[in-house]
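*Asks:* So I've got this file, start.txt, and it contains compact mmCIF, C-alpha atoms and all ligand atoms:
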```txt
# COMPACT_ATOMS: atom_id res chain seq x y z
CA MET O 26 16.71 23.39 10.38
CA VAL O 27 12.99 23.40 9.53
CA GLN O 28 10.96 25.10 12.26
CA ASN O 29 7.28 25.39 13.00
CA LYS O 30 5.39 28.58 13.96
CA ASN O 31 6.57 28.35 17.57
CA GLY O 32 10.18 28.19 16.51
CA LYS O 33 10.26 24.49 17.41
CA ALA O 34 12.01 22.07 15.10
CA LYS O 35 9.58 20.08 13.00
CA MET O 36 9.77 16.31 12.95
CA LYS O 37 10.85 14.90 9.61
CA VAL O 38 10.44 11.43 8.16
CA LEU O 39 12.04 10.16 4.97
CA GLY O 40 9.92 7.64 3.05
CA ILE O 41 11.00 5.18 0.36
CA GLU O 42 8.63 3.36 -2.02
CA SER O 43 9.83 0.73 -4.50
CA SER O 44 7.16 -1.98 -4.54
CA CYS O 45 6.19 -1.75 -8.22
CA ASP O 46 7.38 0.38 -11.12
CA GLU O 47 8.02 3.70 -9.40
CA THR O 48 11.11 4.53 -7.40
CA ALA O 49 9.97 7.21 -5.00
CA VAL O 50 11.59 9.09 -2.14
CA ALA O 51 9.95 11.82 -0.08
CA ILE O 52 10.39 13.75 3.13
CA VAL O 53 7.40 15.04 5.12
CA THR O 54 7.00 16.91 8.39
CA ASP O 55 4.67 16.38 11.33
CA THR O 56 2.91 19.59 10.22
CA LYS O 57 1.96 17.84 6.94
CA GLU O 58 4.44 19.69 4.75
CA ILE O 59 6.07 17.91 1.85
CA LEU O 60 9.74 18.93 1.87
CA ALA O 61 10.71 16.60 -0.97
CA ASN O 62 8.73 14.38 -3.32
CA LEU O 63 10.65 12.57 -6.04
CA ILE O 64 9.27 9.87 -8.29
CA PHE O 65 11.15 8.11 -11.01
CA SER O 66 8.65 6.29 -13.22
CA GLN O 67 9.91 3.18 -15.03
CA VAL O 68 7.03 3.32 -17.50
CA ASP O 69 9.29 3.57 -20.56
CA GLU O 70 11.35 0.57 -19.46
CA HIS O 71 8.27 -1.65 -19.06
CA ALA O 72 6.28 -0.31 -22.01
CA LEU O 73 8.39 -2.50 -24.32
CA TYR O 74 6.93 -5.57 -22.59
CA GLY O 75 3.35 -4.30 -22.19
CA GLY O 76 3.48 -4.61 -18.40
CA VAL O 77 5.75 -4.53 -15.37
CA VAL O 78 8.62 -7.05 -15.54
CA PRO O 79 9.72 -7.74 -11.93
CA GLU O 80 13.44 -8.13 -12.61
CA VAL O 81 13.59 -5.06 -14.86
CA ALA O 82 11.84 -3.15 -12.06
CA ALA O 83 14.26 -4.34 -9.36
CA ARG O 84 17.31 -3.42 -11.44
CA SER O 85 15.89 -0.01 -12.22
CA HIS O 86 15.16 0.69 -8.53
CA MET O 87 18.77 -0.25 -7.76
CA LYS O 88 20.03 2.13 -10.42
CA HIS O 89 17.99 5.18 -9.36
CA ILE O 90 17.41 4.98 -5.62
CA THR O 91 20.70 6.55 -4.47
CA ALA O 92 20.44 9.66 -6.66
CA LEU O 93 16.78 10.13 -5.71
CA THR O 94 17.57 9.88 -2.00
CA LYS O 95 20.41 12.42 -2.32
CA GLN O 96 18.15 14.77 -4.29
CA ALA O 97 15.36 14.44 -1.72
CA MET O 98 17.79 15.54 1.01
CA LEU O 99 18.89 18.51 -1.13
CA ASP O 100 15.27 19.49 -1.90
CA ALA O 101 14.41 19.34 1.80
CA ASN O 102 17.52 21.34 2.66
CA ILE O 103 18.65 18.69 5.11
CA THR O 104 22.42 18.28 5.16
CA ASP O 105 22.71 15.21 7.34
CA PHE O 106 20.51 12.13 7.70
CA SER O 107 20.85 12.43 11.48
CA GLU O 108 18.56 15.50 11.26
CA LEU O 109 15.72 13.14 10.33
CA ASP O 110 13.47 11.72 13.03
CA ALA O 111 12.83 8.39 11.31
CA VAL O 112 13.01 6.45 8.06
CA ALA O 113 9.95 4.67 6.63
CA VAL O 114 10.00 2.16 3.81
CA THR O 115 7.56 -0.10 2.00
CA ALA O 116 8.18 -3.65 3.26
CA GLY O 117 5.36 -5.22 1.18
CA PRO O 118 3.11 -6.20 -0.44
CA GLY O 119 4.69 -5.89 -3.86
CA LEU O 120 7.28 -7.19 -6.28
CA ILE O 121 9.80 -8.51 -3.83
CA GLY O 122 13.00 -7.66 -5.73
CA GLY O 123 12.03 -3.99 -5.79
CA VAL O 124 10.84 -3.99 -2.18
CA MET O 125 14.24 -5.40 -1.14
CA VAL O 126 16.08 -2.55 -2.85
CA GLY O 127 14.11 0.12 -0.97
CA ALA O 128 14.31 -1.77 2.32
CA MET O 129 18.09 -2.16 2.11
CA MET O 130 18.52 1.55 1.36
CA ALA O 131 16.34 2.47 4.35
CA LYS O 132 18.06 -0.04 6.63
CA ALA O 133 21.49 1.34 5.67
CA ILE O 134 20.43 4.94 6.44
CA ALA O 135 18.82 3.93 9.72
CA ALA O 136 21.77 1.77 10.78
CA VAL O 137 24.47 4.32 10.02
CA HIS O 138 22.64 7.28 11.56
CA GLY O 139 20.94 5.49 14.43
CA LEU O 140 17.44 6.38 13.26
CA PRO O 141 14.19 4.54 14.03
CA ILE O 142 12.91 2.62 11.03
CA TYR O 143 9.27 1.83 10.14
CA ALA O 144 8.49 -1.11 7.84
CA ILE O 145 5.34 0.18 6.16
CA ASN O 146 2.58 -1.84 4.52
CA HIS O 147 2.12 -0.24 1.09
CA LEU O 148 -1.67 -0.44 1.44
CA GLU O 149 -1.49 1.40 4.75
CA GLY O 150 0.40 4.12 2.89
CA HIS O 151 -2.53 4.51 0.48
CA ALA O 152 -5.04 4.18 3.35
CA LEU O 153 -3.59 6.99 5.47
CA MET O 154 -2.71 9.42 2.66
CA ALA O 155 -5.96 11.39 2.95
CA ARG O 156 -5.21 12.13 6.59
CA MET O 157 -2.23 14.15 5.46
CA SER O 158 -3.65 15.68 2.28
CA ASN O 159 -7.19 16.33 3.56
CA ASP O 160 -7.03 16.14 7.37
CA VAL O 161 -9.50 13.23 7.45
CA ALA O 162 -10.28 12.03 11.00
CA PHE O 163 -10.69 8.38 12.13
CA PRO O 164 -12.84 6.39 11.55
CA TYR O 165 -13.59 6.57 7.84
CA LEU O 166 -14.67 4.39 4.95
CA LEU O 167 -12.04 3.73 2.32
CA LEU O 168 -12.14 2.40 -1.21
CA LEU O 169 -8.63 1.21 -2.02
CA ALA O 170 -8.38 0.63 -5.74
CA SER O 171 -4.95 -0.05 -7.19
CA GLY O 172 -3.18 -2.33 -9.65
CA GLY O 173 -3.10 -5.18 -7.16
CA HIS O 174 -6.00 -4.49 -4.78
CA SER O 175 -9.69 -3.58 -4.73
CA GLN O 176 -10.92 -3.37 -1.18
CA ILE O 177 -13.48 -1.54 0.87
CA ILE O 178 -12.08 -0.92 4.31
CA ILE O 179 -13.07 0.74 7.56
CA VAL O 180 -10.03 2.66 8.77
CA HIS O 181 -10.56 2.74 12.56
CA ASP O 182 -7.09 3.97 13.50
CA ILE O 183 -3.43 3.43 12.62
CA GLY O 184 -3.01 -0.34 12.36
CA GLN O 185 -6.74 -0.99 12.83
CA TYR O 186 -8.51 -1.97 9.65
CA THR O 187 -11.68 -3.94 8.89
CA CYS O 188 -12.05 -5.22 5.35
CA LEU O 189 -15.74 -5.11 4.31
CA GLY O 190 -15.17 -6.40 0.81
CA THR O 191 -12.51 -7.40 -1.66
CA THR O 192 -12.17 -8.72 -5.19
CA LYS O 193 -12.86 -12.36 -5.92
CA ASP O 194 -10.46 -12.31 -8.85
CA ASP O 195 -8.80 -9.40 -10.68
CA ALA O 196 -8.11 -6.02 -9.09
CA MET O 197 -9.78 -2.93 -10.52
CA GLY O 198 -6.52 -1.44 -11.83
CA GLU O 199 -5.57 -4.80 -13.33
CA CYS O 200 -8.90 -4.82 -15.19
CA PHE O 201 -8.21 -1.34 -16.56
CA ASP O 202 -4.71 -2.44 -17.60
CA LYS O 203 -5.96 -5.62 -19.31
CA THR O 204 -8.72 -3.72 -21.08
CA ALA O 205 -6.17 -1.23 -22.39
CA LYS O 206 -4.01 -4.09 -23.64
CA LEU O 207 -6.95 -5.78 -25.39
CA ILE O 208 -7.91 -2.54 -27.12
CA GLY O 209 -4.28 -1.93 -28.07
CA LEU O 210 -3.88 1.22 -25.99
CA GLY O 211 -0.61 0.11 -24.40
CA TYR O 212 0.76 0.58 -20.94
CA PRO O 213 0.08 2.05 -18.41
CA GLY O 214 -3.51 1.12 -19.06
CA GLY O 215 -5.72 3.01 -16.61
CA VAL O 216 -4.84 6.48 -17.84
CA MET O 217 -5.08 5.34 -21.48
CA VAL O 218 -8.59 3.92 -20.98
CA GLU O 219 -9.67 7.11 -19.24
CA LYS O 220 -8.26 9.30 -22.03
CA MET O 221 -9.89 7.17 -24.72
CA ALA O 222 -13.24 7.13 -22.90
CA ALA O 223 -13.13 10.93 -22.64
CA LYS O 224 -13.26 11.07 -26.45
CA CYS O 225 -16.69 9.38 -26.47
CA SER O 226 -19.35 12.04 -26.96
CA ASP O 227 -22.43 9.84 -26.55
CA ILE O 228 -22.37 7.48 -23.57
CA ASP O 229 -25.97 6.29 -24.12
CA THR O 230 -25.11 4.99 -27.58
CA ALA O 231 -21.81 3.57 -26.30
CA ILE O 232 -23.45 1.39 -23.63
CA LYS O 233 -26.00 0.09 -26.17
CA GLU O 234 -23.38 -0.57 -28.84
CA PHE O 235 -20.97 -2.23 -26.40
CA ILE O 236 -23.05 -4.07 -23.84
CA LEU O 237 -20.88 -5.11 -20.91
CA PRO O 238 -21.72 -6.92 -17.65
CA LYS O 239 -21.83 -5.25 -14.24
CA PRO O 240 -20.39 -8.03 -12.05
CA MET O 241 -21.74 -8.26 -8.47
CA LEU O 242 -24.31 -5.51 -9.06
CA GLY O 243 -27.21 -5.95 -6.62
CA ARG O 244 -25.46 -8.57 -4.49
CA ASP O 245 -25.90 -8.27 -0.76
CA ASN O 246 -22.20 -7.74 0.09
CA CYS O 247 -19.27 -5.40 -0.62
CA ASP O 248 -17.19 -7.70 -2.85
CA PHE O 249 -15.97 -7.12 -6.38
CA SER O 250 -15.31 -9.35 -9.37
CA PHE O 251 -13.73 -8.04 -12.54
CA SER O 252 -12.62 -11.06 -14.56
CA GLY O 253 -16.03 -11.41 -16.28
CA LEU O 254 -15.90 -7.77 -17.36
CA LYS O 255 -12.43 -8.26 -18.79
CA THR O 256 -13.60 -11.36 -20.68
CA ALA O 257 -16.58 -9.42 -22.05
CA VAL O 258 -14.25 -6.69 -23.34
CA ARG O 259 -12.17 -9.41 -25.02
CA ARG O 260 -15.31 -10.81 -26.67
CA GLN O 261 -16.29 -7.36 -27.97
CA VAL O 262 -12.80 -6.87 -29.38
CA GLU O 263 -12.98 -10.28 -31.08
CA ILE O 264 -16.42 -9.58 -32.55
CA LYS O 265 -15.43 -6.17 -33.89
CA GLN O 266 -11.89 -7.32 -34.78
CA ILE O 267 -9.42 -4.91 -33.26
CA GLU O 268 -7.69 -4.09 -36.57
CA ASN O 269 -11.02 -2.91 -37.98
CA MET O 270 -12.05 -0.83 -34.99
CA SER O 271 -12.08 2.93 -35.48
CA ASP O 272 -10.90 5.30 -32.75
CA GLU O 273 -14.53 6.25 -32.25
CA GLU O 274 -15.47 2.62 -31.58
CA LYS O 275 -12.52 2.23 -29.22
CA SER O 276 -13.59 5.32 -27.32
CA MET O 277 -17.14 3.94 -27.06
CA LEU O 278 -15.87 0.62 -25.73
CA CYS O 279 -13.69 2.39 -23.16
CA ALA O 280 -16.59 4.61 -22.11
CA SER O 281 -18.90 1.62 -21.75
CA PHE O 282 -16.23 -0.20 -19.73
CA GLN O 283 -15.76 2.77 -17.40
CA HIS O 284 -19.55 3.07 -17.07
CA SER O 285 -19.78 -0.59 -15.93
CA VAL O 286 -16.96 -0.17 -13.41
CA ASN O 287 -18.55 2.99 -12.09
CA LEU O 288 -22.00 1.40 -11.61
CA VAL O 289 -20.48 -1.58 -9.81
CA VAL O 290 -18.33 0.59 -7.55
CA LYS O 291 -21.27 2.82 -6.61
CA ASP O 292 -23.43 -0.23 -5.83
CA ARG O 293 -20.73 -1.88 -3.68
CA LEU O 294 -20.10 1.35 -1.79
CA LYS O 295 -23.80 1.77 -1.02
CA ASN O 296 -23.70 -1.57 0.83
CA ALA O 297 -20.49 -0.57 2.60
CA ILE O 298 -22.05 2.71 3.72
CA ILE O 299 -24.97 0.80 5.27
CA GLN O 300 -22.51 -1.42 7.16
CA PHE O 301 -20.46 1.58 8.29
CA ARG O 302 -23.61 3.29 9.58
CA LYS O 303 -24.54 0.18 11.58
CA ILE O 304 -21.14 0.27 13.31
CA PHE O 305 -21.08 4.07 13.79
CA PRO O 306 -24.76 5.09 13.98
CA ASN O 307 -24.16 8.52 15.53
CA MET O 308 -21.41 9.92 13.30
CA ASP O 309 -22.15 13.20 11.54
CA SER O 310 -21.11 13.19 7.87
CA PRO O 311 -18.35 10.57 8.02
CA SER O 312 -15.74 10.53 5.27
CA LEU O 313 -15.71 8.31 2.23
CA VAL O 314 -12.13 8.26 0.99
CA VAL O 315 -10.80 6.84 -2.26
CA SER O 316 -7.14 5.99 -2.68
CA GLY O 317 -4.77 3.94 -4.84
CA GLY O 318 -3.89 4.43 -8.50
CA VAL O 319 -7.44 3.96 -9.86
CA ALA O 320 -8.57 6.82 -7.60
CA ALA O 321 -6.99 9.07 -10.24
CA ASN O 322 -9.94 8.24 -12.52
CA LYS O 323 -12.27 11.23 -12.78
CA THR O 324 -15.40 9.25 -13.72
CA LEU O 325 -14.92 7.05 -10.67
CA ARG O 326 -14.36 10.08 -8.45
CA GLN O 327 -17.57 11.63 -9.72
CA GLY O 328 -19.51 8.40 -9.10
CA LEU O 329 -18.19 8.16 -5.56
CA LYS O 330 -18.99 11.78 -4.91
CA GLU O 331 -22.60 11.09 -5.91
CA VAL O 332 -22.88 8.07 -3.59
CA ALA O 333 -21.31 10.04 -0.74
CA THR O 334 -23.67 13.00 -1.16
CA GLU O 335 -26.70 10.71 -1.41
CA HIS O 336 -25.82 9.10 1.92
CA ASP O 337 -24.60 12.19 3.76
CA PHE O 338 -20.96 11.19 3.62
CA GLN O 339 -18.16 13.61 2.87
CA PHE O 340 -16.26 12.55 -0.23
CA THR O 341 -12.49 12.91 -0.05
CA ALA O 342 -9.79 12.03 -2.52
CA PRO O 343 -6.13 12.96 -2.21
CA PRO O 344 -4.68 14.97 -5.12
CA ILE O 345 -4.21 12.67 -8.10
CA GLU O 346 -0.40 12.62 -7.83
CA LEU O 347 -0.76 11.32 -4.25
CA CYS O 348 -3.26 8.61 -5.27
CA THR O 349 -0.82 6.75 -7.51
CA ASP O 350 2.30 5.28 -5.89
CA ASN O 351 4.55 7.86 -4.26
CA GLY O 352 7.03 8.28 -1.42
CA VAL O 353 4.94 10.83 0.49
CA MET O 354 2.37 8.21 1.51
CA ILE O 355 5.09 5.98 2.94
CA ALA O 356 6.83 8.86 4.73
CA TRP O 357 3.45 9.97 6.12
CA ALA O 358 2.52 6.46 7.31
CA GLY O 359 5.88 6.44 9.13
CA MET O 360 5.12 9.86 10.60
CA GLU O 361 1.71 8.65 11.81
CA ARG O 362 3.40 5.74 13.57
CA LEU O 363 6.05 8.01 15.05
CA LEU O 364 3.46 10.51 16.33
CA ALA O 365 1.31 7.70 17.73
CA LYS O 366 4.43 6.45 19.55
CA LYS O 367 4.19 3.06 17.87
CA PRO O 368 7.37 1.05 18.39
CA ALA O 369 9.84 1.24 15.51
CA ASP O 370 10.72 -1.96 13.66
CA LYS O 371 13.90 -3.92 14.22
CA LEU O 372 16.60 -3.52 11.59
CA ASP O 373 16.29 -7.18 10.63
CA PHE O 374 12.62 -6.93 9.57
CA ALA O 375 11.69 -9.13 6.62
CA VAL O 376 10.08 -7.97 3.38
CA VAL O 377 6.97 -9.79 2.14
CA PRO O 378 5.26 -10.12 -1.26
CA ARG O 379 1.83 -10.56 0.37
CA TRP O 380 0.65 -8.66 3.42
CA PRO O 381 -3.09 -8.14 4.02
CA LEU O 382 -3.89 -4.74 5.50
CA GLU O 383 -6.04 -6.33 8.21
CA SER O 384 -2.99 -8.08 9.66
CA VAL O 385 -1.11 -4.79 10.13
CA VAL O 386 -0.83 -3.73 13.78
O1 LIG K 1 -1.57 2.43 -6.59
P1 LIG K 1 -0.88 2.26 -7.90
O2 LIG K 1 -0.11 3.42 -8.45
O3 LIG K 1 0.06 1.01 -7.85
C1 LIG K 1 -0.30 -0.15 -7.17
O4 LIG K 1 -0.13 -0.18 -5.92
O5 LIG K 1 -0.82 -1.06 -7.86
O6 LIG K 1 -2.03 1.81 -8.93
C2 LIG K 1 -1.69 1.51 -10.26
C3 LIG K 1 -2.98 1.15 -10.98
C4 LIG K 1 -2.74 0.65 -12.40
O7 LIG K 1 -3.51 -0.51 -12.61
C5 LIG K 1 -3.19 1.81 -13.26
O8 LIG K 1 -3.65 1.43 -14.53
C6 LIG K 1 -4.31 2.39 -12.41
O9 LIG K 1 -3.81 2.32 -11.10
N1 LIG K 1 -4.61 3.78 -12.78
C7 LIG K 1 -5.78 4.18 -13.28
C8 LIG K 1 -5.64 5.57 -13.57
N2 LIG K 1 -4.37 5.95 -13.22
C9 LIG K 1 -3.76 4.84 -12.73
N3 LIG K 1 -6.92 3.52 -13.53
C10 LIG K 1 -7.96 4.20 -14.05
N4 LIG K 1 -7.90 5.52 -14.37
C11 LIG K 1 -6.77 6.23 -14.14
N5 LIG K 1 -6.72 7.52 -14.45
ZN ZN K 2 -0.08 1.39 -4.76
```
Show me the file's structure as structure tokens.
Ligand code: KG4
Ligand code: ZN
*Replies:*
Amino acid sequence: MVQNKNGKAKMKVLGIESSCDETAVAIVTDTKEILANLIFSQVDEHALYGGVVPEVAARSHMKHITALTKQAMLDANITDFSELDAVAVTAGPGLIGGVMVGAMMAKAIAAVHGLPIYAINHLEGHALMARMSNDVAFPYLLLLASGGHSQIIIVHDIGQYTCLGTTKDDAMGECFDKTAKLIGLGYPGGVMVEKMAAKCSDIDTAIKEFILPKPMLGRDNCDFSFSGLKTAVRRQVEIKQIENMSDEEKSMLCASFQHSVNLVVKDRLKNAIIQFRKIFPNMDSPSLVVSGGVAANKTLRQGLKEVATEHDFQFTAPPIELCTDNGVMIAWAGMERLLAKKPADKLDFAVVPRWPLESVV
């Protein structure tokens, strides 16, 4: 049995994530230890199609989830599920076939072993991750940037979220993915664009050679819009003709694209910081947290760090492997709910493809 410093048994929550193209199972303790963290990435299965195919994803989750769960228990040195304190699982938003696979696994474990179950909003998993990895205290300002969402949120407490801004069209990650596809970098796109951009040695020339828009820059709100940027990348690729573009030109285009995203994000966050300060005028160095898959991007992290420092905020980002989808964030969101004595969910909870974070309670 896992024990804490006082010889007391630690609380343990098993978390399951299967809302997109990663099957992930993890076990965490109330003392913020990760006892198991397994992720099976389906990247190779979807690469053939240039993007995530929902049915392929669901089938793959079904194939891998049992072995991953068994291995997580072995890694955590837990012999029986009844030693767990709760099970947490992503119940949405996401690709519903995959979400159903994870939910049924979690429901089966909870039902057989009489454990409390928490139906976790995937976005809440991302939102609370930094509280485990970096001990961030409520309230804080969060940029949630993933494949499906781009939101600026005030995280007041567990289940208390105010959305200050969101995207009018594409999500930030989606824009990275589409840009990668247009430039012929393949899937998954975000990492590819970042790697390609890193090869550009002269950003000043890149932004002159590949002039791209900065949607929403200077607007008096915290919203995003990325479809115009994506269209502008397409136009550049058409003008240059992709088959004639050298690697150097591709790297310049990627660098210019990342530069545009970065400027926009910094500008949007400045407005959000002003709003946050109005609501919490007396807070000393509040936290600006970034989470979600795009938070793995180093240029973006640097940009956010600059904005935070400029406005006397503390910049915090979970380790990169905990920014992209993982089981730890779901297990931790369950642990937060357990520790806060939030009621567990009923075994017949439904799974949902759409679930705004603001409606979570
Ligand atoms: O949070 P996540 O793993 O899954 C969703 O909930 O959507 O985010 C995936 C998104 C993808 O669009 C992916 O291209 C993007 O995060 N991403 C990145 C990077 N790593 C992942 N975008 C930019 N730079 C990266 N290094
Ligand atoms: Zn995610």
*Asks:* Could you list, as number ranges by chain, all the residues within 10 Å of ligand LIG 1 (chain K), counting all atoms listed in the file?
*Replies:* O: 44-47, 76, 118-119, 147-148, 150-151, 169-175, 196-205, 212-220, 283, 316-326, 345-351
*Asks:* Please determine, counting all atoms listed in the file, which residue among O:Val126, O:Lys239, O:Tyr74, O:Leu120 has the shortest atom-to-atom distance to Thr91 (chain O).
*Replies:*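 Going through O:Val126, O:Lys239, O:Tyr74, O:Leu120 one by one, the smallest distance to Thr91 (chain O) is for O:Val126.
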*Asks:* Which residue, O:Val315, O:Cys225, O:Ile178, O:Val124, has the smallest gap to Glu80 (chain O) when you use all atoms listed in the file?
*Replies:*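 Closest to Glu80 (chain O) of all the choices is O:Val124.
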*Asks:* I'd like to know which of O:Gly352, O:Glu274, O:Met308, O:Val262 is closest to ligand ZN 2 (chain K), using only C-alpha atoms and all ligand atoms.
*Replies:* O:Gly352
*Asks:* Enclose region 122-141 of chain O, meaning all of its atoms listed in the file, in a box aligned along x, y and z, pad it by 3 Å on each side, and list the centre and edge lengths in Å to one decimal, as JSON.
*Replies:*
```
{"center_x": 17.7, "center_y": -0.2, "center_z": 4.3, "size_x": 19.6, "size_y": 20.9, "size_z": 26.2}
```
*Asks:* Using only C-alpha atoms, determine which residues lie at most 7 Å from Thr48 (chain O), disregarding the query and same-chain residues fewer than 2 positions distant; provide the list as a list in words.
*Replies:*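 The contact residues come out as Glu42, Ser43, Asp46, Val50, Ile64, Phe65, Ser66, His86 and Ile90 of chain O.
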*Asks:* Determine, counting all atoms listed in the file, which protein, DNA and RNA residues have an atom within 7 Å of an atom of Ala231 (chain O); residues of the same chain fewer than 3 positions away are not included. Present the result as a list in words.
*Replies:*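 So the residues in contact are Asp227, Ile228, Glu234, Phe235, Met277, Leu278, Ala280 and Ser281 of chain O.
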*Asks:* Would you kindly identify which residues have an atom no farther than 12 Å from (-15.7, -4.8, -30.9), using all atoms listed in the file and the file's own coordinates, and write them out as an MDAnalysis selection string?
*Replies:* chainID O and resid 207:208 231 234:237 257:279 281
*Asks:* Write out, as a compact mmCIF listing (two decimals), in the coordinates of the input, the residues just selected, with C-alpha atoms.
*Replies:*
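File part14.txt, as written:
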```txt
# COMPACT_ATOMS: atom_id res chain seq x y z
CA LEU O 207 -6.95 -5.78 -25.39
CA ILE O 208 -7.91 -2.54 -27.12
CA ALA O 231 -21.81 3.57 -26.30
CA GLU O 234 -23.38 -0.57 -28.84
CA PHE O 235 -20.97 -2.23 -26.40
CA ILE O 236 -23.05 -4.07 -23.84
CA LEU O 237 -20.88 -5.11 -20.91
CA ALA O 257 -16.58 -9.42 -22.05
CA VAL O 258 -14.25 -6.69 -23.34
CA ARG O 259 -12.17 -9.41 -25.02
CA ARG O 260 -15.31 -10.81 -26.67
CA GLN O 261 -16.29 -7.36 -27.97
CA VAL O 262 -12.80 -6.87 -29.38
CA GLU O 263 -12.98 -10.28 -31.08
CA ILE O 264 -16.42 -9.58 -32.55
CA LYS O 265 -15.43 -6.17 -33.89
CA GLN O 266 -11.89 -7.32 -34.78
CA ILE O 267 -9.42 -4.91 -33.26
CA GLU O 268 -7.69 -4.09 -36.57
CA ASN O 269 -11.02 -2.91 -37.98
CA MET O 270 -12.05 -0.83 -34.99
CA SER O 271 -12.08 2.93 -35.48
CA ASP O 272 -10.90 5.30 -32.75
CA GLU O 273 -14.53 6.25 -32.25
CA GLU O 274 -15.47 2.62 -31.58
CA LYS O 275 -12.52 2.23 -29.22
CA SER O 276 -13.59 5.32 -27.32
CA MET O 277 -17.14 3.94 -27.06
CA LEU O 278 -15.87 0.62 -25.73
CA CYS O 279 -13.69 2.39 -23.16
CA SER O 281 -18.90 1.62 -21.75
```
*Asks:* What would the list of residues within 9 Å of (-1.2, 13.1, 4.3) (file frame) look like as an MDAnalysis selection string, if only C-alpha atoms are what count?
*Replies:* chainID O and resid 53 57:58 153:161 343 347 353:354 357:358
*Asks:* Between CA of Ala82 (chain O) and CA of Asp370 (chain O), what is the spacing in Å?
*Replies:* 25.8 Å
*Asks:* Would you mind listing, for every residue of region 239-332 of chain O within 12 Å of region 189-194 of chain O, the two atoms forming the shortest contact and the distance between them in Å to one decimal, using only C-alpha atoms, sorted by chain and ascending residue number, as a tab-separated table?
*Replies:*
```
residue	atom	partner	partner_atom	distance
O:Pro240	CA	O:Lys193	CA	10.6
O:Met241	CA	O:Lys193	CA	10.1
O:Arg244	CA	O:Gly190	CA	11.8
O:Asp245	CA	O:Gly190	CA	11.0
O:Asn246	CA	O:Gly190	CA	7.2
O:Cys247	CA	O:Gly190	CA	4.5
O:Asp248	CA	O:Gly190	CA	4.4
O:Phe249	CA	O:Thr192	CA	4.3
O:Ser250	CA	O:Lys193	CA	5.2
O:Phe251	CA	O:Asp194	CA	6.5
O:Ser252	CA	O:Asp194	CA	6.2
O:Gly253	CA	O:Asp194	CA	9.3
O:Leu254	CA	O:Asp194	CA	11.1
O:Lys255	CA	O:Asp194	CA	10.9
O:Val289	CA	O:Thr192	CA	11.9
O:Val290	CA	O:Gly190	CA	11.3
O:Arg293	CA	O:Gly190	CA	8.5
O:Leu294	CA	O:Gly190	CA	9.5
O:Lys295	CA	O:Leu189	CA	11.9
O:Asn296	CA	O:Leu189	CA	9.4
O:Ala297	CA	O:Leu189	CA	6.8
O:Ile298	CA	O:Leu189	CA	10.1
O:Ile299	CA	O:Leu189	CA	11.0
O:Gln300	CA	O:Leu189	CA	8.2
O:Phe301	CA	O:Leu189	CA	9.1
O:Ile304	CA	O:Leu189	CA	11.8
```
*Asks:* Taking all atoms listed in the file into account, which of O:Phe338, O:Asp373, O:Ile355, O:Leu167 comes nearest ligand ZN 2 (chain K)?
*Replies:*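 Ranked by minimum distance to ligand ZN 2 (chain K), first place goes to O:Ile355.
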*Asks:* Measuring atom to atom with all atoms listed in the file, identify which of O:Gln339, O:Gly122, O:Met130, O:Gly117 is nearest to ligand ZN 2 (chain K).
*Replies:* O:Gly117
*Asks:* Between O:Met98, O:Leu73, O:Cys188, O:Ala128, which residue has the minimum interatomic distance to Pro381 (chain O), considering all atoms listed in the file?
*Replies:*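 For Pro381 (chain O), the nearest of the candidates is O:Cys188.
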*Asks:* Taking 2 positions as the minimum chain separation for residues in the same chain, which residues sit within 9 Å of Thr187 (chain O) when counting only C-alpha atoms? Answer as a list in words.
*Replies:*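 Residues meeting the cut-off are Ile177, Ile178, Ile179, Val180, His181, Gln185, Leu189, Leu382 and Glu383 of chain O.
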*Asks:* Excluding region 141-144 of chain O and any residue of its chain fewer than 5 positions from it, enumerate the residues within 8 Å of it, using all atoms listed in the file, and give them as a ChimeraX atom specification.
*Replies:* /O:110-116,131-132,135,359,362,369-372,374
*Asks:* In Å, how far is it from CA of Val314 (chain O) to CA of Thr341 (chain O)?
*Replies:*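 Rounded to one decimal, the two atoms are 4.8 Å apart.
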*Asks:* What does the distance from CA of Met87 (chain O) to CA of Met360 (chain O) come to in Å, to one decimal?
*Replies:* 25.0 Å
